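Asker: Pasting a structure here, questions to come.
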Amino acid sequence: MSAPTSTSALQALTEWWQDMGVEVDSARIDALMRQLKPSQAPSNTHAKAVTPSIKPMQRRSRAPKNWVTEAEKAAAAADSLDALKAAIEGFEGCPLKSSSENTVVFDGTQGADLMVIGEGPGAEEDRKGLPFIGKAGQLLDKMLAAINRSRTENTFITNVTYWRPPGNRNPEDEELDVCRPFVERMIVLGKPKLIIAAGGVPAKALLGKSDGIMRLRGTEHVFQTQDGTSIPLIPILHPAYLLRRPQDKSRAWRDLLLVEQRLKELA
């Protein structure tokens, strides 16, 4: 490569080297700059080629941050649901956050005896920052109303992830794991008497099981809190699934009746 013949060309070349990730010997560059200045070189002569010494960029080694541990610390420090919401909104460890418009934490009545936990926000939820407000959320509201429940009076609603996965895909294990400390802390602080897991993703995530929703629904399970408290958990079909397969609404109705019965027994 021929040597640059002007300070502007050398400057451009130096910037290009830096963009490519190499380190340039600044002392050699300064020396070459002085040679190229008109006051120090005749206009009819060419500057002597000086090739800056180039060495690979030295990258600082840094251990990756354990975001699950960071989530555990942030969750444990929250002493109320509002404090937990603020901690989740300020958390930077979930890969989904960078592609989301809003952090979607919870909605409904704090301290309610029924907690509904879904999968994660969709497009409408991401835009408005509230869980279950799209078409599936409207169906969920109707389902809850059928057993005298509503988010405005006696039901708390949240998800196992707080940011929308691209294309509404299912959250990956890494994304679920980093949100898990917040989910568990929310259950501890919310103190529900019964949990509804709406869909296969939250049911499997909360129960640590690999069975599909059709095998999990229709029966009562147990969620163990951090302080050792056992809370009944009933998986149901996700409202979005019922919008696609309305023929399964009879199954959903039986599950809701089970929820209603258990709430009466636990009251």
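Letters for chains follow the order of the structure tokens (A, B, ...), residue numbers begin at 1 for each chain, and ligand numbers begin at 1 in the order shown.
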Report as an MDAnalysis selection string: the residues of segment 77-217 of chain A with a DSSP assignment of strand (DSSP E), based on the backbone of this structure.
Answerer: chainID A and resid 106:108 114:118 155:159 194:198
Asker: Excluding Asn154 of chain A and any residue of its chain fewer than 2 positions from it, enumerate the residues within 12 Å of it, using only C-alpha atoms, and give them as number ranges by chain.
Answerer: A: 107-116, 141, 144-145, 147-152, 156-157, 192-194, 263
Asker: Would you mind exporting N, CA, C and O atoms of the selected residues as an mmCIF file, in the first residue's frame?
Answerer:
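Listed below is the output, again.cif:
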data_model
loop_
_atom_site.group_PDB
_atom_site.id
_atom_site.type_symbol
_atom_site.label_atom_id
_atom_site.label_comp_id
_atom_site.auth_asym_id
_atom_site.auth_seq_id
_atom_site.Cartn_x
_atom_site.Cartn_y
_atom_site.Cartn_z
ATOM 1 N N ASP A 107 -50.971 -5.998 36.483
ATOM 2 C CA ASP A 107 -52.198 -5.211 36.484
ATOM 3 C C ASP A 107 -53.144 -5.868 37.474
ATOM 4 O O ASP A 107 -52.945 -7.007 37.896
ATOM 5 N N GLY A 108 -54.177 -5.144 37.873
ATOM 6 C CA GLY A 108 -55.172 -5.742 38.746
ATOM 7 C C GLY A 108 -55.065 -5.291 40.177
ATOM 8 O O GLY A 108 -54.479 -4.260 40.504
ATOM 9 N N THR A 109 -55.615 -6.110 41.046
ATOM 10 C CA THR A 109 -55.767 -5.768 42.458
ATOM 11 C C THR A 109 -54.629 -6.363 43.280
ATOM 12 O O THR A 109 -54.484 -7.593 43.363
ATOM 13 N N GLN A 110 -53.814 -5.513 43.866
ATOM 14 C CA GLN A 110 -52.736 -6.006 44.720
ATOM 15 C C GLN A 110 -53.312 -6.663 45.969
ATOM 16 O O GLN A 110 -54.248 -6.167 46.573
ATOM 17 N N GLY A 111 -52.745 -7.800 46.335
ATOM 18 C CA GLY A 111 -53.206 -8.531 47.504
ATOM 19 C C GLY A 111 -54.414 -9.414 47.256
ATOM 20 O O GLY A 111 -54.971 -9.985 48.208
ATOM 21 N N ALA A 112 -54.848 -9.538 45.993
ATOM 22 C CA ALA A 112 -56.002 -10.389 45.677
ATOM 23 C C ALA A 112 -55.684 -11.853 45.965
ATOM 24 O O ALA A 112 -54.534 -12.285 45.884
ATOM 25 N N ASP A 113 -56.727 -12.621 46.289
ATOM 26 C CA ASP A 113 -56.501 -14.033 46.583
ATOM 27 C C ASP A 113 -56.298 -14.871 45.328
ATOM 28 O O ASP A 113 -55.877 -16.020 45.412
ATOM 29 N N LEU A 114 -56.569 -14.321 44.137
ATOM 30 C CA LEU A 114 -56.351 -15.023 42.878
ATOM 31 C C LEU A 114 -55.296 -14.282 42.061
ATOM 32 O O LEU A 114 -55.421 -13.084 41.814
ATOM 33 N N MET A 115 -54.255 -15.020 41.651
ATOM 34 C CA MET A 115 -53.214 -14.463 40.792
ATOM 35 C C MET A 115 -53.191 -15.242 39.481
ATOM 36 O O MET A 115 -53.057 -16.469 39.481
ATOM 37 N N VAL A 116 -53.330 -14.524 38.363
ATOM 38 C CA VAL A 116 -53.246 -15.123 37.036
ATOM 39 C C VAL A 116 -51.864 -14.825 36.471
ATOM 40 O O VAL A 116 -51.451 -13.657 36.411
ATOM 41 N N ASP A 141 -60.780 -11.572 30.516
ATOM 42 C CA ASP A 141 -61.686 -10.797 31.379
ATOM 43 C C ASP A 141 -63.078 -11.418 31.412
ATOM 44 O O ASP A 141 -63.728 -11.478 32.469
ATOM 45 N N LEU A 144 -62.937 -14.628 33.516
ATOM 46 C CA LEU A 144 -62.913 -14.323 34.941
ATOM 47 C C LEU A 144 -64.271 -13.836 35.432
ATOM 48 O O LEU A 144 -64.722 -14.187 36.533
ATOM 49 N N ALA A 145 -64.947 -13.022 34.607
ATOM 50 C CA ALA A 145 -66.263 -12.509 34.993
ATOM 51 C C ALA A 145 -67.264 -13.637 35.188
ATOM 52 O O ALA A 145 -68.191 -13.525 36.003
ATOM 53 N N ILE A 147 -66.829 -16.295 36.675
ATOM 54 C CA ILE A 147 -66.732 -16.837 38.038
ATOM 55 C C ILE A 147 -66.619 -15.685 39.047
ATOM 56 O O ILE A 147 -66.022 -15.837 40.116
ATOM 57 N N ASN A 148 -67.214 -14.551 38.662
ATOM 58 C CA ASN A 148 -67.284 -13.385 39.549
ATOM 59 C C ASN A 148 -65.909 -12.850 39.946
ATOM 60 O O ASN A 148 -65.665 -12.497 41.109
ATOM 61 N N ARG A 149 -65.055 -12.783 38.949
ATOM 62 C CA ARG A 149 -63.711 -12.264 39.175
ATOM 63 C C ARG A 149 -63.418 -11.151 38.175
ATOM 64 O O ARG A 149 -63.877 -11.184 37.030
ATOM 65 N N SER A 150 -62.624 -10.167 38.600
ATOM 66 C CA SER A 150 -62.199 -9.105 37.692
ATOM 67 C C SER A 150 -60.901 -8.505 38.202
ATOM 68 O O SER A 150 -60.629 -8.526 39.415
ATOM 69 N N ARG A 151 -60.123 -7.962 37.291
ATOM 70 C CA ARG A 151 -58.857 -7.345 37.681
ATOM 71 C C ARG A 151 -59.066 -6.058 38.476
ATOM 72 O O ARG A 151 -58.162 -5.610 39.167
ATOM 73 N N THR A 152 -60.220 -5.470 38.349
ATOM 74 C CA THR A 152 -60.479 -4.222 39.061
ATOM 75 C C THR A 152 -60.903 -4.447 40.508
ATOM 76 O O THR A 152 -60.912 -3.512 41.305
ATOM 77 N N PHE A 156 -55.326 -10.436 40.442
ATOM 78 C CA PHE A 156 -54.033 -9.842 40.110
ATOM 79 C C PHE A 156 -53.482 -10.575 38.899
ATOM 80 O O PHE A 156 -53.535 -11.805 38.833
ATOM 81 N N ILE A 157 -52.929 -9.842 37.929
ATOM 82 C CA ILE A 157 -52.511 -10.436 36.659
ATOM 83 C C ILE A 157 -51.067 -10.065 36.349
ATOM 84 O O ILE A 157 -50.675 -8.893 36.424
ATOM 85 N N PRO A 192 -51.124 -14.723 47.043
ATOM 86 C CA PRO A 192 -52.409 -15.250 46.563
ATOM 87 C C PRO A 192 -52.754 -16.561 47.260
ATOM 88 O O PRO A 192 -51.870 -17.279 47.730
ATOM 89 N N LYS A 193 -54.042 -16.854 47.309
ATOM 90 C CA LYS A 193 -54.464 -18.151 47.841
ATOM 91 C C LYS A 193 -54.475 -19.209 46.750
ATOM 92 O O LYS A 193 -54.419 -20.411 47.038
ATOM 93 N N LEU A 194 -54.561 -18.755 45.495
ATOM 94 C CA LEU A 194 -54.588 -19.687 44.378
ATOM 95 C C LEU A 194 -53.980 -18.998 43.158
ATOM 96 O O LEU A 194 -54.175 -17.797 42.944
ATOM 97 N N LEU A 263 -61.405 -21.611 45.272
ATOM 98 C CA LEU A 263 -61.366 -20.302 45.919
ATOM 99 C C LEU A 263 -62.375 -20.230 47.066
ATOM 100 O O LEU A 263 -62.107 -19.642 48.118
#
Asker: Could you pull the residues within 12 Å of Gly208 of chain A, counting only C-alpha atoms, minus those fewer than 4 positions along the same chain, as a list in words?
Answerer: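 Answer for this query is Asp173, Leu176, Asp177, Arg180, Gly200, Val201, Pro202, Ala203, Lys204, Gly212, Leu216, His221, Val222, Phe223 and Gln224 of chain A.
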Asker: With only C-alpha atoms as the atoms that count, which of A:Leu140, A:Leu258, A:Ile196, A:Val183 lies nearest to Phe106 of chain A?
Answerer: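 Among the listed residues, A:Val183 lies closest to Phe106 of chain A.
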Asker: Considering only C-alpha atoms, return as a CSV table (one decimal) with C-alpha atoms, in the first residue's frame whatever protein or nucleic-acid residues lie within 12 Å of Asn168 of chain A, sequence-local ones (same chain, fewer than 2 positions apart) excluded.
Answerer:
chain,number,residue,atom,x,y,z
A,96,LEU,CA,-35.8,-9.2,25.4
A,99,SER,CA,-36.4,-5.0,21.4
A,100,SER,CA,-39.4,-4.1,23.5
A,119,GLU,CA,-46.6,-16.2,29.3
A,120,GLY,CA,-45.6,-12.7,28.3
A,121,PRO,CA,-46.8,-9.5,26.6
A,122,GLY,CA,-48.0,-9.4,23.0
A,123,ALA,CA,-48.0,-6.5,20.6
A,124,GLU,CA,-50.8,-4.6,22.3
A,125,GLU,CA,-49.4,-5.2,25.8
A,126,ASP,CA,-46.0,-4.1,24.7
A,161,THR,CA,-41.7,-12.7,31.3
A,163,TRP,CA,-40.9,-8.1,27.7
A,164,ARG,CA,-42.3,-9.1,24.4
A,165,PRO,CA,-40.4,-11.9,22.5
A,166,PRO,CA,-39.9,-10.9,18.8
A,170,ASN,CA,-42.3,-18.5,23.1
A,171,PRO,CA,-39.7,-17.1,25.6
A,172,GLU,CA,-36.5,-19.1,25.6
A,240,ALA,CA,-55.2,-16.9,22.7
Asker: Please provide as a list in words all residues within 9 Å of Val188 of chain A, with the sequence filter that same-chain residues fewer than 4 positions apart are discarded (counting only C-alpha atoms).
Answerer: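 Listing them by chain and then by number gives Val183, Glu184, Pro192, Thr225, Gln226, Asp227 and Thr229 of chain A.
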Asker: DSSP on the backbone: what in segment 84-250 of chain A comes out alpha helix (DSSP H), as a ChimeraX atom specification?
Answerer: /A:84-89,123-128,135-145,173-190,200-207,213-216,239-244,249-250
